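I have placed the structure first, in the form of structure tokens, so that the comments after it can refer back to it.
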Amino acid sequence: MTYTLGIPADGQSLGNSKSQVRGNFTTIFNAFAVNHVAFNSLPEGVHKRVDLQEVANPTPPLTIDTLFCKVTSIPLGELFYVRGAGGPPNTPIQLTNGTPVNAASGFTFLPGGMIMQWGMTTLSAGSQANVAFNPTFRLAGVNTAPWSIQVTLRTSNNLLKNAWVSSFAFDNFDILGSSSAAGRDVFWMAIGPRT
């Protein structure tokens with residue numbers, strides 16, 4: 001698409017630049033229709049989608065809320081939001097980080113720099129298990145242990161059957177159980193930083 005600037009030129013009649021003016025209107029029509037419902041269609045002006053070009057270090061205006069795609073690691077960009085006058089200005093809040101895994105064992109990114117992971121493991125004959133975090137937890141690029149880990153033993157009778165977190169780090173944790181919990185499944189969930 002070509003858009004011709006400066007037409008009609010000073011002193012030029014519309015008749016002399018008619019084809020360029022028409023070309024400009026066609027260019028505007030086609031460009032608008034890429035992400036919006038096209039002119040002369042209903043509902044006019046409504047977005048069909050929003051495409052964001054990745055930027056390295058945006059500087060949004062202090063008074064305007066801004067949504068942008070920031071380059072975080074090649075080739076991936078992530079979605080960020082900056083509050084304008086209604087919040088801390090120019091402090092980007094990260095909204096995405098990688099691709100969530102929606103499965104029995106998976107993870108999701110939470111806005112503001114956190115991830116939540118979950119899964120299930122089976123206690124060994126010694127009533128213990130080790131679980132690896134994937135992805136690992138980190139804060140400002142430094143490996144950091146999760147803030148919370150919860151474990152729940154799956155059993156029809158919890159009497160004398162317990163499981164607990166015995167140790168943890170940024171990349172894994174250990175579960176221990178009572179002797180009667182051997183061979184039982186344990187559901188787990190962890191939440192912590194990912195920035």
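Going through the structure tokens in order, the chains are called A, B, and so on, while each chain numbers its residues from 1 and the ligands are numbered from 1 in the order shown.
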
Checklist entry - Could you pull the residues within 12 Å of Thr122 in chain A, counting only C-alpha atoms, minus those fewer than 6 positions along the same chain, as a PyMOL selection string? => result chain A and resi 128-131+151-155+163+174-177+181-188

Next on the checklist: Please list as JSON, numbers by chain every residue within 6 Å of range 62-71 of chain A, counting only C-alpha atoms and excluding residues in the same chain fewer than 3 positions away.
Outcome noted: {"A": [52, 54, 55, 56, 77, 78, 79, 80, 81, 82, 83, 84, 85, 89]}

Export C-alpha atoms of the chosen residues as a JSON list (two decimals), in the first residue's frame?
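Below is the file that was written, result28.json:
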```json
[["chain", "number", "residue", "atom", "x", "y", "z"],
["A", 52, "LEU", "CA", 1.27, -5.27, 18.53],
["A", 54, "GLU", "CA", 7.44, -5.78, 19.66],
["A", 55, "VAL", "CA", 9.45, -2.98, 21.23],
["A", 56, "ALA", "CA", 12.60, -3.23, 23.33],
["A", 77, "GLY", "CA", 7.78, -11.18, 23.03],
["A", 78, "GLU", "CA", 5.50, -10.89, 26.05],
["A", 79, "LEU", "CA", 2.49, -8.73, 26.80],
["A", 80, "PHE", "CA", 2.85, -5.88, 29.34],
["A", 81, "TYR", "CA", 0.53, -3.24, 30.76],
["A", 82, "VAL", "CA", 1.46, 0.17, 32.19],
["A", 83, "ARG", "CA", -0.96, 2.18, 34.31],
["A", 84, "GLY", "CA", -1.16, 5.86, 33.53],
["A", 85, "ALA", "CA", -2.18, 8.47, 36.08],
["A", 89, "PRO", "CA", 3.48, 5.51, 36.26]]
```

Next on the checklist: If DSSP is run on the backbone, what residues of range 81-156 of chain A are strand (DSSP E)? A reply as a PyMOL selection string would be ideal.
Outcome noted: chain A and resi 81-82+93-94+106-110+114-122+128-132+138-139+142-143+148-154

Write the residues of the selection above to a file with N, CA and C atoms, as a short mmCIF file (atom, residue, chain, number, x, y, z; two decimals), in the first residue's frame.
```cif
data_model
loop_
_atom_site.label_atom_id
_atom_site.label_comp_id
_atom_site.auth_asym_id
_atom_site.auth_seq_id
_atom_site.Cartn_x
_atom_site.Cartn_y
_atom_site.Cartn_z
N TYR A 81 1.50 -4.32 30.57
CA TYR A 81 0.53 -3.24 30.76
C TYR A 81 1.16 -2.20 31.68
N VAL A 82 0.98 -0.92 31.35
CA VAL A 82 1.46 0.17 32.19
C VAL A 82 0.28 1.05 32.55
N ILE A 93 3.64 -3.98 34.13
CA ILE A 93 3.12 -5.18 34.77
C ILE A 93 3.09 -6.26 33.71
N GLN A 94 3.85 -7.31 33.91
CA GLN A 94 3.92 -8.37 32.91
C GLN A 94 2.65 -9.21 32.97
N GLY A 106 0.82 -29.21 35.04
CA GLY A 106 1.06 -28.06 34.17
C GLY A 106 1.39 -26.82 34.96
N PHE A 107 1.31 -25.69 34.27
CA PHE A 107 1.59 -24.41 34.92
C PHE A 107 0.91 -23.31 34.14
N THR A 108 0.75 -22.17 34.79
CA THR A 108 0.25 -20.97 34.14
C THR A 108 0.94 -19.76 34.75
N PHE A 109 1.06 -18.73 33.95
CA PHE A 109 1.65 -17.48 34.42
C PHE A 109 0.54 -16.60 34.96
N LEU A 110 0.79 -15.95 36.09
CA LEU A 110 -0.17 -15.03 36.67
C LEU A 110 0.34 -13.61 36.50
N MET A 114 4.23 -13.92 38.53
CA MET A 114 4.14 -15.16 39.30
C MET A 114 3.75 -16.32 38.39
N ILE A 115 4.12 -17.52 38.80
CA ILE A 115 3.62 -18.72 38.13
C ILE A 115 2.99 -19.64 39.16
N MET A 116 2.02 -20.40 38.70
CA MET A 116 1.40 -21.43 39.52
C MET A 116 1.60 -22.75 38.79
N GLN A 117 2.11 -23.75 39.50
CA GLN A 117 2.33 -25.07 38.94
C GLN A 117 1.54 -26.09 39.75
N TRP A 118 1.20 -27.22 39.11
CA TRP A 118 0.44 -28.25 39.79
C TRP A 118 0.75 -29.60 39.16
N GLY A 119 0.38 -30.64 39.86
CA GLY A 119 0.57 -31.98 39.33
C GLY A 119 0.21 -33.04 40.35
N MET A 120 0.60 -34.27 40.02
CA MET A 120 0.36 -35.41 40.90
C MET A 120 1.59 -36.30 40.85
N THR A 121 1.94 -36.89 41.98
CA THR A 121 3.03 -37.86 42.04
C THR A 121 2.59 -38.97 42.98
N THR A 122 3.31 -40.08 42.93
CA THR A 122 2.99 -41.22 43.78
C THR A 122 4.13 -41.43 44.78
N GLN A 128 8.00 -41.49 50.13
CA GLN A 128 8.62 -40.23 49.75
C GLN A 128 8.56 -40.06 48.23
N ALA A 129 8.73 -38.83 47.79
CA ALA A 129 8.75 -38.52 46.36
C ALA A 129 9.48 -37.20 46.16
N ASN A 130 10.09 -37.05 44.98
CA ASN A 130 10.72 -35.80 44.60
C ASN A 130 10.01 -35.28 43.36
N VAL A 131 9.70 -33.99 43.34
CA VAL A 131 9.00 -33.37 42.22
C VAL A 131 9.87 -32.24 41.68
N ALA A 132 10.09 -32.24 40.37
CA ALA A 132 10.87 -31.17 39.73
C ALA A 132 9.92 -30.10 39.20
N ARG A 138 12.03 -18.06 39.75
CA ARG A 138 13.11 -17.07 39.83
C ARG A 138 12.51 -15.68 39.99
N LEU A 139 13.28 -14.81 40.62
CA LEU A 139 12.86 -13.43 40.87
C LEU A 139 13.95 -12.51 40.36
N VAL A 142 17.03 -14.23 39.25
CA VAL A 142 17.79 -15.00 40.23
C VAL A 142 16.94 -16.17 40.72
N ASN A 143 17.50 -17.38 40.72
CA ASN A 143 16.77 -18.55 41.21
C ASN A 143 16.24 -18.29 42.61
N SER A 148 4.88 -20.78 48.15
CA SER A 148 3.97 -21.70 48.82
C SER A 148 3.88 -23.00 48.04
N ILE A 149 3.87 -24.11 48.77
CA ILE A 149 3.66 -25.44 48.18
C ILE A 149 2.62 -26.15 49.03
N GLN A 150 1.58 -26.66 48.39
CA GLN A 150 0.53 -27.39 49.09
C GLN A 150 0.50 -28.82 48.56
N VAL A 151 0.35 -29.80 49.44
CA VAL A 151 0.22 -31.19 49.03
C VAL A 151 -1.03 -31.77 49.66
N THR A 152 -1.72 -32.64 48.91
CA THR A 152 -2.93 -33.30 49.38
C THR A 152 -2.84 -34.77 49.03
N LEU A 153 -2.92 -35.62 50.02
CA LEU A 153 -2.86 -37.06 49.82
C LEU A 153 -4.22 -37.56 49.34
N ARG A 154 -4.21 -38.36 48.26
CA ARG A 154 -5.48 -38.91 47.75
C ARG A 154 -5.72 -40.25 48.42
#
```

Checklist entry - Which residues, written as number ranges by chain, have at least one atom at most 9 Å from Phe133 in chain A, with only C-alpha atoms counted and residues fewer than 4 positions away on the same chain left out? => result A: 117, 137, 170-173, 190

Grab the residues selected above and save them as a short mmCIF file (atom, residue, chain, number, x, y, z; two decimals), in the first residue's frame with N, CA and C atoms.
```
data_model
loop_
_atom_site.label_atom_id
_atom_site.label_comp_id
_atom_site.auth_asym_id
_atom_site.auth_seq_id
_atom_site.Cartn_x
_atom_site.Cartn_y
_atom_site.Cartn_z
N GLN A 117 2.11 -23.75 39.50
CA GLN A 117 2.33 -25.07 38.94
C GLN A 117 1.54 -26.09 39.75
N PHE A 137 11.44 -21.55 39.45
CA PHE A 137 11.05 -20.26 40.01
C PHE A 137 12.26 -19.34 40.04
N PHE A 170 14.34 -23.83 44.35
CA PHE A 170 13.76 -23.16 43.18
C PHE A 170 13.36 -24.13 42.08
N ASP A 171 13.99 -25.34 42.07
CA ASP A 171 13.76 -26.26 40.95
C ASP A 171 13.11 -27.58 41.33
N ASN A 172 12.91 -27.87 42.63
CA ASN A 172 12.29 -29.12 43.03
C ASN A 172 11.86 -29.07 44.48
N PHE A 173 11.09 -30.09 44.90
CA PHE A 173 10.76 -30.23 46.31
C PHE A 173 10.56 -31.70 46.63
N ALA A 190 2.09 -25.37 43.59
CA ALA A 190 3.10 -24.41 44.05
C ALA A 190 2.90 -23.08 43.36
#
```

Item to check | Distance query Gln20 in chain A at most 10 Å, only C-alpha atoms, self and fewer than 6 positions along chain excluded, as a list in words | outcome: Thr2, Tyr3, Thr4, Leu5, Ile7, Pro8, Leu14 and Thr26 of chain A

Checklist entry - When you draw a straight line from CA of Phe29 in chain A to CA of Gly45 in chain A, how long is it in Å? => result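 Interatomic distance, CA of Phe29 in chain A to CA of Gly45 in chain A: 11.3 Å.
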